[in-house]
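> Structure supplied as query-v2.txt; contents: compact mmCIF, C-alpha atoms and all ligand atoms.
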# COMPACT_ATOMS: atom_id res chain seq x y z
CA MET J 1 57.47 -2.83 183.06
CA ASN J 2 57.97 -5.94 185.15
CA VAL J 3 59.98 -7.46 187.97
CA GLU J 4 61.93 -10.36 186.45
CA ASN J 5 63.15 -12.00 189.62
CA ILE J 6 63.61 -11.36 193.29
CA ARG J 7 66.16 -12.63 195.76
CA LEU J 8 65.43 -12.39 199.49
CA ILE J 9 67.95 -13.17 202.20
CA ASN J 10 66.87 -12.97 205.87
CA ILE J 11 63.88 -10.83 205.00
CA ARG J 12 61.31 -11.42 207.76
CA ASN J 13 60.41 -15.16 207.67
CA TYR J 14 62.46 -15.86 204.51
CA ASN J 15 65.83 -17.48 204.80
CA ASN J 16 67.17 -17.40 201.24
CA ILE J 17 64.94 -17.54 198.18
CA ASN J 18 65.32 -16.66 194.52
CA LEU J 19 62.15 -16.42 192.47
CA ASN J 20 61.76 -16.10 188.73
CA LEU J 21 58.57 -14.19 188.17
CA ASN J 22 55.92 -14.31 185.50
CA LYS J 23 55.80 -11.09 183.48
CA ASN J 24 52.04 -11.17 183.73
CA ILE J 25 50.33 -12.77 186.72
CA ASN J 26 51.93 -14.11 189.88
CA ILE J 27 49.75 -15.71 192.49
CA PHE J 28 50.92 -16.50 196.00
CA ILE J 29 48.74 -18.94 197.87
CA GLY J 30 49.26 -19.71 201.52
CA LYS J 31 47.53 -19.90 204.87
CA ASN J 32 47.77 -17.02 207.32
CA ALA J 33 51.22 -16.01 208.55
CA GLN J 34 53.20 -17.90 205.89
CA GLY J 35 54.94 -14.94 204.19
CA LYS J 36 52.58 -13.61 201.50
CA THR J 37 52.56 -9.99 202.62
CA ASN J 38 56.29 -10.16 203.35
CA LEU J 39 56.86 -10.88 199.68
CA ILE J 40 54.57 -8.09 198.50
CA GLU J 41 56.35 -5.76 200.93
CA SER J 42 59.74 -6.69 199.43
CA ILE J 43 58.58 -5.87 195.90
CA TYR J 44 57.13 -2.57 197.12
CA MET J 45 60.47 -1.74 198.76
CA CYS J 46 62.29 -2.19 195.46
CA ALA J 47 60.15 0.56 193.98
CA SER J 48 60.16 3.11 196.78
CA GLY J 49 63.07 2.11 199.01
CA LYS J 50 60.77 1.80 202.01
CA SER J 51 58.10 -0.48 203.41
CA PHE J 52 54.40 0.28 203.57
CA ARG J 53 54.17 -1.45 206.94
CA THR J 54 56.95 0.12 208.95
CA ASN J 55 59.51 2.92 209.00
CA LYS J 56 61.89 0.76 210.98
CA ASP J 57 64.09 -1.27 208.67
CA ARG J 58 65.29 -3.44 211.54
CA GLU J 59 61.79 -4.95 211.78
CA ILE J 60 62.25 -6.33 208.29
CA ILE J 61 65.44 -8.21 209.16
CA ASN J 62 64.81 -11.78 210.33
CA PHE J 63 64.57 -11.90 214.16
CA SER J 64 67.67 -14.06 214.54
CA LYS J 65 69.86 -12.34 211.93
CA SER J 66 71.80 -9.09 211.86
CA GLU J 67 71.42 -8.22 208.20
CA ALA J 68 69.08 -8.76 205.29
CA TYR J 69 69.13 -8.35 201.53
CA ILE J 70 66.70 -7.81 198.65
CA GLY J 71 67.94 -8.01 195.07
CA THR J 72 65.83 -7.66 191.98
CA ASN J 73 66.08 -7.28 188.23
CA ILE J 74 63.58 -4.86 186.77
CA ASN J 75 62.70 -4.89 183.10
CA LEU J 76 61.92 -1.35 181.98
CA GLY J 77 61.17 -2.05 178.34
CA ASN J 78 64.37 -1.21 176.55
CA TYR J 79 66.70 -1.57 179.51
CA ASN J 80 67.08 -3.37 182.83
CA LYS J 81 67.91 -2.19 186.30
CA PHE J 82 69.42 -4.25 189.08
CA ILE J 83 68.24 -2.92 192.42
CA GLU J 84 69.73 -4.09 195.71
CA ILE J 85 68.79 -3.16 199.25
CA LYS J 86 70.95 -4.17 202.18
CA MET J 87 69.69 -3.65 205.71
CA GLN J 88 71.75 -3.87 208.87
CA ARG J 89 70.61 -3.50 212.45
CA ASP J 90 71.13 0.04 213.78
CA LYS J 91 72.67 1.26 210.55
CA PRO J 92 71.03 3.05 207.66
CA LYS J 93 70.18 0.79 204.75
CA ILE J 94 72.30 0.72 201.62
CA ILE J 95 70.68 0.86 198.20
CA ARG J 96 72.52 0.07 194.99
CA ILE J 97 71.35 0.47 191.43
CA ASN J 98 73.38 -1.44 188.85
CA LYS J 99 76.04 -1.87 191.57
CA THR J 100 76.34 1.87 192.22
CA GLU J 101 75.54 2.86 195.79
CA LEU J 102 73.12 5.73 196.39
CA LYS J 103 74.14 8.41 198.87
CA ASN J 104 70.69 8.51 200.35
CA TYR J 105 67.74 6.19 199.87
CA ARG J 106 65.54 9.20 199.09
CA GLU J 107 67.50 9.48 195.86
CA LEU J 108 66.11 6.15 194.73
CA ASN J 109 64.68 6.59 191.31
CA SER J 110 64.05 2.93 190.70
CA GLY J 111 62.06 3.33 187.50
CA LEU J 112 59.76 0.72 188.99
CA TYR J 113 56.24 2.02 189.56
CA VAL J 114 53.93 0.06 191.83
CA VAL J 115 50.37 0.46 192.97
CA LEU J 116 49.39 -1.42 196.10
CA PHE J 117 45.87 -2.39 197.09
CA CYS J 118 45.47 -3.94 200.53
CA PRO J 119 42.69 -4.20 203.15
CA ASP J 120 44.12 -1.26 205.08
CA ASP J 121 43.21 0.98 202.14
CA LEU J 122 39.62 1.06 203.38
CA ARG J 123 41.01 3.46 205.95
CA ILE J 124 41.31 6.01 203.13
CA ILE J 125 37.55 6.37 203.51
CA LYS J 126 36.89 5.33 207.09
CA ASP J 127 39.67 7.20 208.89
CA GLY J 128 40.52 10.85 209.16
CA PRO J 129 41.94 13.20 206.50
CA GLN J 130 45.54 12.19 207.26
CA GLU J 131 44.94 8.82 205.54
CA ARG J 132 43.54 10.57 202.47
CA ARG J 133 46.44 13.00 202.36
CA ASN J 134 48.85 10.05 202.58
CA PHE J 135 47.10 8.36 199.66
CA ILE J 136 47.38 11.50 197.53
CA ASP J 137 50.93 12.26 198.65
CA SER J 138 52.28 8.81 197.85
CA GLY J 139 50.56 8.92 194.46
CA ILE J 140 52.11 12.27 193.58
CA SER J 141 55.52 11.42 195.07
CA GLN J 142 55.87 8.42 192.81
CA LEU J 143 55.31 10.57 189.75
CA ARG J 144 57.21 13.64 190.98
CA PRO J 145 60.02 12.93 193.43
CA VAL J 146 60.51 16.68 194.05
CA TYR J 147 57.02 16.73 195.60
CA ASN J 148 58.20 14.52 198.42
CA TYR J 149 61.13 16.84 199.01
CA ASN J 150 58.77 19.83 199.21
CA LEU J 151 56.47 17.97 201.55
CA ASN J 152 59.30 17.29 203.97
CA ARG J 153 60.42 20.89 203.77
CA TYR J 154 56.88 22.05 204.45
CA LYS J 155 56.64 19.85 207.56
CA LYS J 156 59.93 21.21 208.85
CA ILE J 157 58.97 24.87 208.43
CA LEU J 158 55.52 24.24 209.88
CA LEU J 159 57.11 22.72 212.97
CA GLN J 160 59.42 25.71 213.35
CA ARG J 161 56.52 28.13 212.93
CA ASN J 162 54.45 26.27 215.54
CA ASN J 163 57.36 26.21 217.96
CA LEU J 164 57.74 29.94 217.58
CA LEU J 165 54.01 30.49 218.15
CA LYS J 166 54.16 28.38 221.31
CA SER J 167 57.30 29.91 222.74
CA ASN J 168 56.32 32.21 225.57
CA LYS J 169 59.10 34.44 224.45
CA PHE J 170 56.93 35.39 221.52
CA LYS J 171 57.04 39.15 221.50
CA LYS J 172 56.86 41.83 218.93
CA ASP J 173 60.49 41.26 217.95
CA ALA J 174 59.63 37.70 216.94
CA MET J 175 57.41 39.14 214.26
CA ASN J 176 60.28 39.43 211.82
CA LEU J 177 61.12 35.79 212.18
CA LEU J 178 57.47 34.85 211.81
CA ASP J 179 57.21 36.92 208.64
CA LEU J 180 60.19 35.04 207.29
CA PHE J 181 58.59 31.67 208.07
CA ASP J 182 55.34 32.81 206.49
CA VAL J 183 57.03 33.72 203.22
CA GLN J 184 58.78 30.34 203.14
CA ILE J 185 55.75 28.33 204.16
CA ALA J 186 53.51 30.07 201.63
CA LYS J 187 55.96 29.31 198.84
CA VAL J 188 56.40 25.63 199.53
CA GLY J 189 52.77 25.24 200.69
CA THR J 190 51.55 26.70 197.41
CA SER J 191 53.54 24.22 195.37
CA ILE J 192 51.98 21.37 197.41
CA VAL J 193 48.47 22.73 197.02
CA VAL J 194 48.90 23.16 193.27
CA GLU J 195 50.27 19.63 192.80
CA ARG J 196 47.46 18.13 194.89
CA TYR J 197 44.85 20.09 193.00
CA LYS J 198 46.18 18.92 189.63
CA TYR J 199 46.55 15.33 190.77
CA ILE J 200 43.06 15.06 192.26
CA LYS J 201 41.55 16.66 189.20
CA ALA J 202 43.23 14.12 186.90
CA LEU J 203 42.37 11.25 189.24
CA ALA J 204 38.75 12.38 189.59
CA ASN J 205 38.32 12.44 185.82
CA ILE J 206 39.48 8.86 185.41
CA CYS J 207 37.73 7.74 188.58
CA LYS J 208 34.32 8.93 187.45
CA ASP J 209 34.56 6.73 184.40
CA THR J 210 36.09 3.73 186.19
CA HIS J 211 33.48 3.80 188.94
CA SER J 212 30.52 3.97 186.62
CA LYS J 213 31.93 1.02 184.66
CA ILE J 214 32.47 -1.06 187.80
CA THR J 215 28.98 -0.29 189.09
CA LYS J 216 27.36 -0.66 185.66
CA ASP J 217 26.27 2.99 185.68
CA LYS J 218 24.45 2.66 188.98
CA GLU J 219 26.76 4.98 190.85
CA ASN J 220 28.35 8.27 190.07
CA LEU J 221 31.58 8.87 192.00
CA SER J 222 33.04 12.34 192.32
CA LEU J 223 36.24 13.30 194.08
CA HIS J 224 36.94 16.84 195.28
CA TYR J 225 39.96 18.52 196.72
CA SER J 226 39.22 20.43 199.89
CA SER J 227 41.76 22.97 201.08
CA ASN J 228 41.67 26.15 203.13
CA ILE J 229 44.05 27.66 200.55
CA PRO J 230 41.95 28.86 197.61
CA ILE J 231 43.14 27.86 194.14
CA LEU J 232 43.47 31.13 192.22
CA ASN J 233 44.72 31.97 188.73
CA ASP J 234 48.42 31.41 189.25
CA LYS J 235 50.99 30.47 191.85
CA GLU J 236 51.83 34.09 192.64
CA GLU J 237 48.24 34.95 193.46
CA ILE J 238 47.80 31.82 195.56
CA GLU J 239 50.98 32.61 197.48
CA LYS J 240 49.99 36.22 198.14
CA ASN J 241 46.57 35.22 199.35
CA TYR J 242 48.16 32.45 201.46
CA ILE J 243 50.30 35.00 203.31
CA ASP J 244 47.26 37.22 203.86
CA LEU J 245 45.36 34.28 205.35
CA LEU J 246 48.25 33.47 207.67
CA LYS J 247 48.22 37.06 208.90
CA LYS J 248 44.47 37.11 209.37
CA ASN J 249 44.71 33.96 211.45
CA LEU J 250 47.66 35.06 213.55
CA ASN J 251 45.70 35.78 216.73
CA ARG J 252 44.01 32.43 216.59
CA ASP J 253 47.33 30.70 215.81
CA LEU J 254 48.98 32.42 218.78
CA GLU J 255 46.15 31.38 221.07
CA TYR J 256 46.38 27.69 220.11
CA GLY J 257 50.07 27.50 219.28
CA THR J 258 49.33 25.82 215.96
CA THR J 259 48.93 26.89 212.34
CA GLU J 260 45.39 26.69 211.02
CA ILE J 261 46.07 27.63 207.42
CA GLY J 262 47.84 25.28 205.02
CA PRO J 263 47.82 21.94 203.18
CA HIS J 264 48.35 20.01 206.43
CA ARG J 265 44.60 20.54 206.89
CA ASP J 266 43.63 19.40 203.37
CA ASP J 267 41.13 16.67 202.69
CA LEU J 268 39.80 14.63 199.80
CA LEU J 269 36.01 14.48 199.58
CA MET J 270 34.30 11.50 197.96
CA TYR J 271 30.68 11.50 196.91
CA ILE J 272 28.56 8.63 195.62
CA ASN J 273 25.54 10.06 193.81
CA ASP J 274 26.04 13.32 195.75
CA ASN J 275 26.16 11.61 199.15
CA ASP J 276 29.32 11.60 201.22
CA ALA J 277 30.81 8.10 200.79
CA LYS J 278 32.43 8.32 204.21
CA VAL J 279 29.11 8.93 205.98
CA PHE J 280 26.54 7.12 203.84
CA GLY J 281 28.50 4.46 201.91
CA SER J 282 27.94 0.81 202.82
CA GLN J 283 30.99 -1.34 203.49
CA GLY J 284 30.79 -2.80 199.96
CA GLN J 285 30.29 0.62 198.37
CA GLN J 286 33.27 2.00 200.24
CA ARG J 287 35.39 -0.92 199.12
CA THR J 288 34.34 -0.30 195.52
CA VAL J 289 35.25 3.38 195.82
CA VAL J 290 38.73 2.38 196.97
CA LEU J 291 38.99 -0.11 194.10
CA SER J 292 37.99 2.63 191.64
CA MET J 293 40.56 4.99 193.12
CA ILE J 294 43.35 2.40 192.99
CA LEU J 295 42.58 1.41 189.39
CA SER J 296 42.39 5.08 188.45
CA GLU J 297 45.83 5.59 189.95
CA VAL J 298 47.03 2.75 187.71
CA GLU J 299 45.55 4.49 184.65
CA LEU J 300 46.96 7.83 185.67
CA ILE J 301 50.48 6.39 185.89
CA LYS J 302 49.97 4.77 182.49
CA ASP J 303 48.90 8.16 181.07
CA GLU J 304 51.95 9.89 182.54
CA ILE J 305 54.76 7.42 181.91
CA GLY J 306 53.39 5.48 178.96
CA THR J 307 53.43 2.01 180.53
CA TYR J 308 51.38 0.31 183.19
CA PRO J 309 52.82 0.07 186.70
CA VAL J 310 53.09 -3.20 188.61
CA LEU J 311 49.95 -3.96 190.60
CA LEU J 312 50.19 -5.50 194.06
CA LEU J 313 46.97 -6.98 195.43
CA ASP J 314 47.39 -8.17 198.97
CA ASP J 315 44.40 -9.95 200.50
CA VAL J 316 41.82 -8.02 198.52
CA PHE J 317 40.96 -10.26 195.60
CA SER J 318 38.82 -12.71 197.57
CA GLU J 319 36.99 -9.86 199.29
CA LEU J 320 35.48 -8.59 196.06
CA ASP J 321 32.27 -9.94 194.58
CA GLU J 322 32.31 -11.76 191.24
CA GLU J 323 31.37 -8.73 189.16
CA ARG J 324 34.16 -6.63 190.61
CA ARG J 325 36.65 -9.48 190.32
CA GLU J 326 35.80 -9.84 186.65
CA TYR J 327 36.33 -6.14 186.09
CA LEU J 328 39.66 -6.28 187.84
CA VAL J 329 40.81 -9.33 185.87
CA LYS J 330 40.23 -7.42 182.62
CA PHE J 331 42.96 -5.07 183.77
CA PHE J 332 45.43 -7.87 184.32
CA LYS J 333 46.09 -8.46 180.63
CA ASN J 334 48.10 -5.26 180.37
CA MET J 335 50.40 -5.50 183.30
CA GLN J 336 52.36 -7.48 185.83
CA VAL J 337 50.25 -8.36 188.84
CA PHE J 338 51.02 -9.95 192.21
CA ILE J 339 48.06 -11.45 194.02
CA THR J 340 47.92 -13.11 197.41
CA LEU J 341 45.23 -15.65 198.25
CA THR J 342 44.65 -17.93 201.22
CA ASP J 343 43.20 -20.71 199.06
CA SER J 344 42.77 -21.57 195.39
CA GLU J 345 39.03 -20.94 195.36
CA ASN J 346 39.11 -17.75 193.35
CA LEU J 347 41.46 -18.88 190.60
CA LYS J 348 38.57 -19.63 188.24
CA SER J 349 38.21 -16.03 187.13
CA MET J 350 41.84 -16.10 185.93
CA GLU J 351 41.66 -19.44 184.13
CA SER J 352 42.53 -18.17 180.66
CA LEU J 353 45.40 -15.90 181.74
CA ASP J 354 49.15 -16.39 181.66
CA LYS J 355 50.05 -17.00 185.27
CA THR J 356 52.44 -18.62 187.70
CA ILE J 357 51.19 -19.95 190.99
CA PHE J 358 53.45 -20.20 194.01
CA ASN J 359 52.46 -22.01 197.18
CA ILE J 360 53.91 -20.47 200.32
CA GLU J 361 54.43 -22.36 203.52
CA ASN J 362 56.45 -20.95 206.38
CA GLY J 363 58.74 -18.83 204.19
CA LYS J 364 59.26 -21.57 201.58
CA LEU J 365 57.87 -21.32 198.08
CA LYS J 366 56.93 -24.03 195.65
CA MET J 367 55.97 -23.27 192.08
CA GLU J 368 52.87 -25.10 190.91
CA SER J 369 53.39 -26.84 187.62
N1 LIG Z 401 61.53 -9.77 211.32
C1 LIG Z 401 60.91 -10.97 211.25
N2 LIG Z 401 61.63 -12.12 211.42
C2 LIG Z 401 61.04 -13.32 211.34
N3 LIG Z 401 59.73 -13.50 211.09
C3 LIG Z 401 58.98 -12.40 210.90
C4 LIG Z 401 59.53 -11.09 210.96
N4 LIG Z 401 58.54 -10.20 210.73
C5 LIG Z 401 57.43 -10.93 210.55
N5 LIG Z 401 57.67 -12.24 210.63
C6 LIG Z 401 56.74 -13.37 210.48
O1 LIG Z 401 56.42 -13.59 209.13
C7 LIG Z 401 55.26 -14.40 209.11
C8 LIG Z 401 54.49 -14.15 207.82
O2 LIG Z 401 54.01 -12.83 207.76
P1 LIG Z 401 53.10 -12.30 206.56
O3 LIG Z 401 52.57 -11.00 207.02
O4 LIG Z 401 53.84 -12.32 205.28
O5 LIG Z 401 51.97 -13.40 206.54
P2 LIG Z 401 50.82 -13.63 205.43
O6 LIG Z 401 51.14 -14.88 204.70
O7 LIG Z 401 50.63 -12.40 204.65
O8 LIG Z 401 49.58 -13.91 206.38
P3 LIG Z 401 48.07 -13.34 206.34
O9 LIG Z 401 47.32 -14.26 205.44
O10 LIG Z 401 47.65 -13.52 207.76
O11 LIG Z 401 48.10 -11.95 205.92
C9 LIG Z 401 54.50 -14.05 210.38
O12 LIG Z 401 54.35 -15.24 211.13
C10 LIG Z 401 55.41 -13.11 211.12
O13 LIG Z 401 55.48 -13.35 212.50
MG MG Z 402 49.18 -10.89 204.68
What is this structure when it is put down as C-alpha cells?
Ligand SMILES: Nc1ncnc2c1ncn2[C@@H]1O[C@H](COP(=O)(O)OP(=O)(O)OP(=O)(O)O)[C@@H](O)[C@H]1O
Ligand SMILES: [Mg+2]


Amino acid sequence: MNVENIRLINIRNYNNINLNLNKNINIFIGKNAQGKTNLIESIYMCASGKSFRTNKDREIINFSKSEAYIGTNINLGNYNKFIEIKMQRDKPKIIRINKTELKNYRELNSGLYVVLFCPDDLRIIKDGPQERRNFIDSGISQLRPVYNYNLNRYKKILLQRNNLLKSNKFKKDAMNLLDLFDVQIAKVGTSIVVERYKYIKALANICKDTHSKITKDKENLSLHYSSNIPILNDKEEIEKNYIDLLKKNLNRDLEYGTTEIGPHRDDLLMYINDNDAKVFGSQGQQRTVVLSMILSEVELIKDEIGTYPVLLLDDVFSELDEERREYLVKFFKNMQVFITLTDSENLKSMESLDKTIFNIENGKLKMES
C-alpha cells in the first residue's frame, strides 16, 4: 500500500504542488514553519477524510483563498484509487473516489491505512483518559468503520440521558423514558466495550514483544483495559449487567445529573515492570512506550488487512536516541514512510535505504538529487 502522488492546491501555505512520491521512504526537510506538518496532514486527510489538527476545514484553506483541493493516487496492490477532497469556506467538503462523489465524508472508505506518530502523542500518557480513549477509538475506527458510527450514537444517547437526568421535570413518569434510554445505551455501550477489550488485548500482545525488543529486554510493558463495565461471557450477559449497574447508580446519577456507568469513563492502563508508566515513567521511557504502542498498531493493521499501513512520522525521528532510531528504521523496509526533519543530521541511519528527500521552504518543495 502506498501513496503514489499528491496534488495540493491552496492547502495551508501551499499554492499548487504536485509530488511524485517514493514507494518506500519520503523525507521532508525544512526549518520551522515551512510546511512539513501541512503535508503530513494532507496525506492523513486522504486516509480518514479529516485532519488530526482541526475539525474546521476552513482552517486548512489558504488564508487568502476561498477553496482548496487535495488529490491523490493510492496504490492498493492490485488496484488504484483516486481520492479527491475539495474544501470550500462555509460549505461542507466534497470527497470523490474515482470521480464518484460521496454523500457524506463519513462514508469514506479510502482503503488507505495510515498510522501517525507526532510529538503530541506523548499526551496519550501524560494527559487524562480522554486522550487514551481517542487513541484506542481512532485505531479501532480505522479497522472497523461501524465502530465510529456506534461511538457517535453512544455519545448522542448519553447526552439525551444526561439531559433527562438534569431536567427538573424529572418525575416518576420520566422513568419510562429513562428505561428506554438505558436499554439503548447498554446495547451500543456493550458493543463499544467489547471492541475496545478485543483491540487492547490484541495490541497488548504485540506491544509486550515490541517493547521488550526496543528496550533490549530491560523493560516489560503491559497494557490493560480499565472499564466500569465488567467483561462477562457474552454480549447478552454484559448488556444485562450494564442495565443493572445503571439502575444501581440511578440515585447518584440523578444527584449529579451525569451518567457514571459506561465506556465514556474507560481508561487504558500502562505499566512498565509493574509500575504505572504515567506516574513513574521518565520522559524517555514514556516516549518509548508511545513508540511501542504506535509500532504495535502498525503490526496489528498488518495482521488484520495483510499489508502494512503508511507510516507518518512528524517531528519524532530526531527526538529518539540512536538505538530506538535503529529499531524504527528496521521497520521502514516493509512500508511507505513519511518523515519530517528540521535538518539532515539524522539521515545517516537511513543511508542504505531507498528514499527520496524533499527540501521544503515556505510551501515550495525541491527534490534532492
Ligand atoms: N490556512 C493557512 N493559510 C496559509 N498559511 C497557513 C495556514 N495554516 C497554516 N499556515 C502556515 O503554514 C506554515 C507551515 O506550517 P507547518 O505546521 O506545516 O510547519 P512545519 O514545517 O511543520 O514547522 P515545524 O517544524 O515548526 O513543525 C506556518 O507558517 C503556518 O502559519
Ligand atoms: Mg511541524

> What does the distance between atom CA of J:Leu232 and atom CA of J:Asp209 come to in Å, to one decimal place?

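Here the two named atoms are 27.1 Å from each other.
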
> List all protein, DNA and RNA residues that have at least one atom no more than 8 Å from any atom of ligand MG 402 (chain Z), counting all atoms listed in the file, and write them as a list in words.

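Counting only what the definition allows, namely all atoms listed in the file, the set is Asn32, Ala33, Gly35, Lys36, Thr37, Asn38, Asp314, Asp315 and Thr340 of chain J.
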
> Export C-alpha atoms of the chosen residues as an mmCIF file, keeping the file's coordinate frame?


data_model
loop_
_atom_site.group_PDB
_atom_site.id
_atom_site.type_symbol
_atom_site.label_atom_id
_atom_site.label_comp_id
_atom_site.auth_asym_id
_atom_site.auth_seq_id
_atom_site.Cartn_x
_atom_site.Cartn_y
_atom_site.Cartn_z
ATOM 1 C CA ASN J 32 47.770 -17.020 207.320
ATOM 2 C CA ALA J 33 51.220 -16.010 208.550
ATOM 3 C CA GLY J 35 54.940 -14.940 204.190
ATOM 4 C CA LYS J 36 52.580 -13.610 201.500
ATOM 5 C CA THR J 37 52.560 -9.990 202.620
ATOM 6 C CA ASN J 38 56.290 -10.160 203.350
ATOM 7 C CA ASP J 314 47.390 -8.170 198.970
ATOM 8 C CA ASP J 315 44.400 -9.950 200.500
ATOM 9 C CA THR J 340 47.920 -13.110 197.410
#

> With distances taken over all atoms listed in the file, which residue among J:Gln34, J:Gln184, J:Asn26, J:Asn75 lies nearest ligand LIG 401 (chain Z)?

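Nearest to ligand LIG 401 (chain Z): J:Gln34.
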
> At most 10 Å is the cut-off: for each residue in stretch 100-179 of chain J with any atom that close to an atom of stretch 302-308 of chain J, write down the nearest atom pair and the distance in Å rounded to one decimal, counting only C-alpha atoms, chain first then increasing number, as a Markdown table.


| residue | atom | partner | partner_atom | distance |
| --- | --- | --- | --- | --- |
| J:Tyr113 | CA | J:Tyr308 | CA | 8.2 |
| J:Val114 | CA | J:Tyr308 | CA | 9.0 |
| J:Val115 | CA | J:Tyr308 | CA | 9.8 |
| J:Leu143 | CA | J:Glu304 | CA | 8.0 |

> Let me see the file: selected residues, C-alpha atoms, as a compact mmCIF listing (two decimals), in the coordinates of the input.


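Final output, saved to part33.txt:
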# COMPACT_ATOMS: atom_id res chain seq x y z
CA TYR J 113 56.24 2.02 189.56
CA VAL J 114 53.93 0.06 191.83
CA VAL J 115 50.37 0.46 192.97
CA LEU J 143 55.31 10.57 189.75

> Give me the residues near J:Ile192 as an MDAnalysis selection string, where near means some atom within 8 Å (using all atoms listed in the file) and where sequence neighbours in that chain fewer than 6 positions away do not count.

chainID J and resid 147 150:151 263

> Just to confirm, what's the straight-line distance from atom CA of J:Lys213 to atom CA of J:Asn275 in Å (one decimal)?

18.9 Å

> Write out as a compact mmCIF listing (two decimals) with C-alpha atoms, in the coordinates of the input each polymer residue whose atoms come within 8 Å of J:Lys333, counting all atoms listed in the file; drop sequence neighbours fewer than 2 positions from it.


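Writing done, so here's selection_37.txt:
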# COMPACT_ATOMS: atom_id res chain seq x y z
CA ASN J 24 52.04 -11.17 183.73
CA VAL J 329 40.81 -9.33 185.87
CA LYS J 330 40.23 -7.42 182.62
CA PHE J 331 42.96 -5.07 183.77
CA MET J 335 50.40 -5.50 183.30
CA LEU J 353 45.40 -15.90 181.74

> Quote the spacing between atom CA of J:Ser222 and atom CA of J:Thr190 in Å to one decimal place.

24.0 Å

> Just checking: using all atoms listed in the file, which residue out of J:Ala202, J:Ile124, J:Ile70, J:Leu180 ends up closest to J:Met270?

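Nearest candidate to J:Met270 out of J:Ala202, J:Ile124, J:Ile70, J:Leu180: J:Ile124.
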
> Please determine, counting all atoms listed in the file, which residue among J:Ile214, J:Met293, J:Leu312, J:Ala174 has the shortest atom-to-atom distance to J:Arg325.

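When distances to J:Arg325 are compared using all atoms listed in the file, the smallest one comes from J:Ile214.
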
> Would you list the residues near (47.1, 27.0, 193.6), meaning any protein, DNA or RNA residue with an atom at most 7 Å from that point in file coordinates, counting all atoms listed in the file, as a PyMOL selection string?

chain J and resi 190+193-194+230-232+234-235+238

> Pick out the closest residue to J:Pro309 from this set: J:His211, J:Arg153, J:Lys23, J:Lys99. Count all atoms listed in the file.

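Counting all atoms listed in the file, the residue closest to J:Pro309 is J:Lys23.
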
> Could you pull the residues within 9 Å of J:Cys207, counting all atoms listed in the file, minus those fewer than 6 positions along the same chain, as a PyMOL selection string?

chain J and resi 221-223+289+292-297

> Tell me which of J:Glu236, J:Asp217, J:Glu299, J:Glu84 sits closest to J:Ile97, counting all atoms listed in the file.

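Using all atoms listed in the file, J:Ile97 sits closest to J:Glu84.
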
> Counting only C-alpha atoms, which residues sit no farther than 10 Å from the position (30.9, 8.0, 200.8) in the file's frame? I'd like them as a VMD selection string.

chain J and resid 125 to 126 221 to 222 269 to 283 285 to 286 289

> Which is closer to J:Asn163 than all the others in J:Asp121, J:Asp244, J:Asp253, J:Glu195, using only C-alpha atoms?

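Comparing J:Asp121, J:Asp244, J:Asp253, J:Glu195 against J:Asn163, the winner is J:Asp253.
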
> Skipping near chain neighbours, those fewer than 6 positions away, what residues fall within 10 Å of J:Arg106 using only C-alpha atoms, listed as an MDAnalysis selection string?

chainID J and resid 48:50 95 145 148:149

> Got a sec: who's within 8 Å of J:Leu19, counting all atoms listed in the file, leaving out chain neighbours fewer than 4 positions off, as a PDB file with C-alpha atoms, keeping the file's coordinate frame?


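Output below, filename out_26.pdb:
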ATOM      1  CA  ASN J   5      63.150 -12.000 189.620  1.00  0.00           C
ATOM      2  CA  ILE J   6      63.610 -11.360 193.290  1.00  0.00           C
ATOM      3  CA  ARG J   7      66.160 -12.630 195.760  1.00  0.00           C
TER       4      ARG J   7
END
